[in-house]
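Student: This structure is in structure tokens; I'll ask about it shortly.
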Amino acid sequence: MQELPFTLRELASQDWIIFVCMGCFILMAIAKRLFPERSLEFSKLPISNKYFLAQGRSTELKHPFTIILWIAGVANLSLFIGFLLIPQEKDPLSLEISSFIQIAAVVSGFILVKVLLEKLVGTVFDIESLINQYIFEKISYINLLSVFLFIANVIYILGYHDSKIVLWVVLAVTAAILMLSLLHSYKTNEQLIFSNFFYFILYLCALEISPCLIVYKTFF
């Protein structure tokens, strides 16, 4: 009887991916535990802007609640991008931890540089309070979307990683929600925008559209 040849199939270890997801969950739980009222207002962002109306809230970019959610958000977004970048023919969960760290470094660096440039614009044009409020609103919406990405990552890892359609649908929904949140911010400040429309267009092209195109070219 002829023996059939066989080859060993390499299975990608998901242990570190699970640990990253657990870390994100723990960070979000800590934020909710330490700041329950703020967390409740934050969770209502899709239906209410009360979170932005609290006195002094627009200048609290360095608040622990925002920082904790931002760290978890960077990890969630980096994991999601890593899944998207894996070739179709490879194991969907074959993302290496070194690649994840590189993606996280690019994502965090991109956000930090963008925030610093926007703050510089605010200083040059003497509109620091407005820029701080705009940055805070944008970071808050990104943090909220990172919770959505966390859920999507967990679902993808546990049962739907045979097809990337789920990831592309999540990406489309996330982009749509982020665009709507930006439009809401622009709508809130429409009088100032229309009175300085030329500078607004320059800002939009230089600090919103161009960086996104650069990041897209970097990854894809």
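By convention here, the chains of the structure tokens are called A, B, ... in the order presented, each chain's residues are numbered starting at 1, and ligands are numbered starting at 1 in the order presented.
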Per residue of region 81-143 of chain A within 12 Å of region 31-47 of chain A, record the nearest atom pair and its distance in Å to one decimal, counting only C-alpha atoms, with rows in chain order and ascending residue number, as a Markdown table.
Tutor:
| residue | atom | partner | partner_atom | distance |
| --- | --- | --- | --- | --- |
| A:Glu137 | CA | A:Leu45 | CA | 10.1 |
| A:Lys138 | CA | A:Leu45 | CA | 11.7 |
| A:Ile139 | CA | A:Phe42 | CA | 11.8 |
| A:Ser140 | CA | A:Phe42 | CA | 8.0 |
| A:Tyr141 | CA | A:Leu45 | CA | 7.9 |
| A:Ile142 | CA | A:Leu45 | CA | 11.3 |
| A:Asn143 | CA | A:Phe42 | CA | 9.5 |
Student: As a VMD selection string, which residues of region 69-207 of chain A does DSSP assign to alpha helix (DSSP H)?
Tutor: chain A and resid 69 to 85 97 to 124 128 to 158 165 to 188 190 to 195 197 to 203
Student: What lies within 9 Å of Gly23 (chain A) using only C-alpha atoms, ignoring chain neighbours under 5 positions off, as a VMD selection string?
Tutor: chain A and resid 18 28 72
Student: Here is a test: counting only C-alpha atoms, which residue of A:Val74, A:Cys21, A:Val169, A:Leu145 is nearest to Gln102 (chain A)?
Tutor: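 Between A:Val74, A:Cys21, A:Val169, A:Leu145, the residue approaching Gln102 (chain A) most closely is A:Val74.
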Student: For Ser210 (chain A), which residue among A:Phe110, A:Ile131, A:Val147, A:Ser195 is the nearest when counting only C-alpha atoms?
Tutor: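 Closest to Ser210 (chain A) of all the choices is A:Phe110.
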Student: Within 10 Å of Ser99 (chain A), counting only C-alpha atoms, which residues show up once you throw out same-chain ones fewer than 2 positions away? Write them as an mmCIF file with N, CA and C atoms, in the first residue's frame, please.
Tutor:
data_model
loop_
_atom_site.group_PDB
_atom_site.id
_atom_site.type_symbol
_atom_site.label_atom_id
_atom_site.label_comp_id
_atom_site.auth_asym_id
_atom_site.auth_seq_id
_atom_site.Cartn_x
_atom_site.Cartn_y
_atom_site.Cartn_z
ATOM 1 N N SER A 78 -5.052 49.891 14.577
ATOM 2 C CA SER A 78 -3.865 49.228 14.021
ATOM 3 C C SER A 78 -4.138 47.756 13.740
ATOM 4 N N LEU A 79 -4.859 47.109 14.645
ATOM 5 C CA LEU A 79 -5.221 45.707 14.442
ATOM 6 C C LEU A 79 -6.130 45.557 13.229
ATOM 7 N N GLY A 82 -4.124 46.065 10.111
ATOM 8 C CA GLY A 82 -3.293 44.884 9.900
ATOM 9 C C GLY A 82 -4.063 43.749 9.250
ATOM 10 N N LEU A 85 -4.524 44.447 5.554
ATOM 11 C CA LEU A 85 -3.311 44.369 4.736
ATOM 12 C C LEU A 85 -2.856 42.942 4.456
ATOM 13 N N LEU A 95 -1.302 37.850 10.951
ATOM 14 C CA LEU A 95 -0.664 39.132 11.241
ATOM 15 C C LEU A 95 0.422 38.949 12.290
ATOM 16 N N GLU A 96 1.624 39.463 11.987
ATOM 17 C CA GLU A 96 2.747 39.349 12.910
ATOM 18 C C GLU A 96 2.769 40.529 13.864
ATOM 19 N N ILE A 97 3.261 40.289 15.056
ATOM 20 C CA ILE A 97 3.275 41.342 16.061
ATOM 21 C C ILE A 97 4.189 42.501 15.651
ATOM 22 N N ILE A 101 3.094 46.428 15.473
ATOM 23 C CA ILE A 101 3.808 47.519 16.149
ATOM 24 C C ILE A 101 4.158 48.622 15.155
ATOM 25 N N GLN A 102 4.589 48.249 13.955
ATOM 26 C CA GLN A 102 4.918 49.241 12.934
ATOM 27 C C GLN A 102 3.678 50.048 12.543
ATOM 28 N N ILE A 103 2.560 49.356 12.352
ATOM 29 C CA ILE A 103 1.313 50.046 12.000
ATOM 30 C C ILE A 103 0.890 50.985 13.120
ATOM 31 N N ALA A 104 0.990 50.516 14.366
ATOM 32 C CA ALA A 104 0.609 51.344 15.513
ATOM 33 C C ALA A 104 1.479 52.595 15.599
ATOM 34 N N ALA A 105 2.773 52.436 15.284
ATOM 35 C CA ALA A 105 3.686 53.585 15.317
ATOM 36 C C ALA A 105 3.304 54.602 14.255
#
Student: Could you tell me how far CA of Trp168 (chain A) sits from CA of Leu84 (chain A), in Å to one decimal place?
Tutor: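 These two atoms are separated by 8.1 Å.
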Student: Nearest residue to Ile157 (chain A) out of A:Met179, A:Leu93, A:Leu53, A:Ala29, using only C-alpha atoms?
Tutor: A:Leu93
Student: When distances are computed from only C-alpha atoms, which of A:Phe100, A:Phe52, A:Phe25, A:Phe80 shows the smallest separation from Thr188 (chain A)?
Tutor: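 Of A:Phe100, A:Phe52, A:Phe25, A:Phe80, the one nearest Thr188 (chain A), counting only C-alpha atoms, is A:Phe52.
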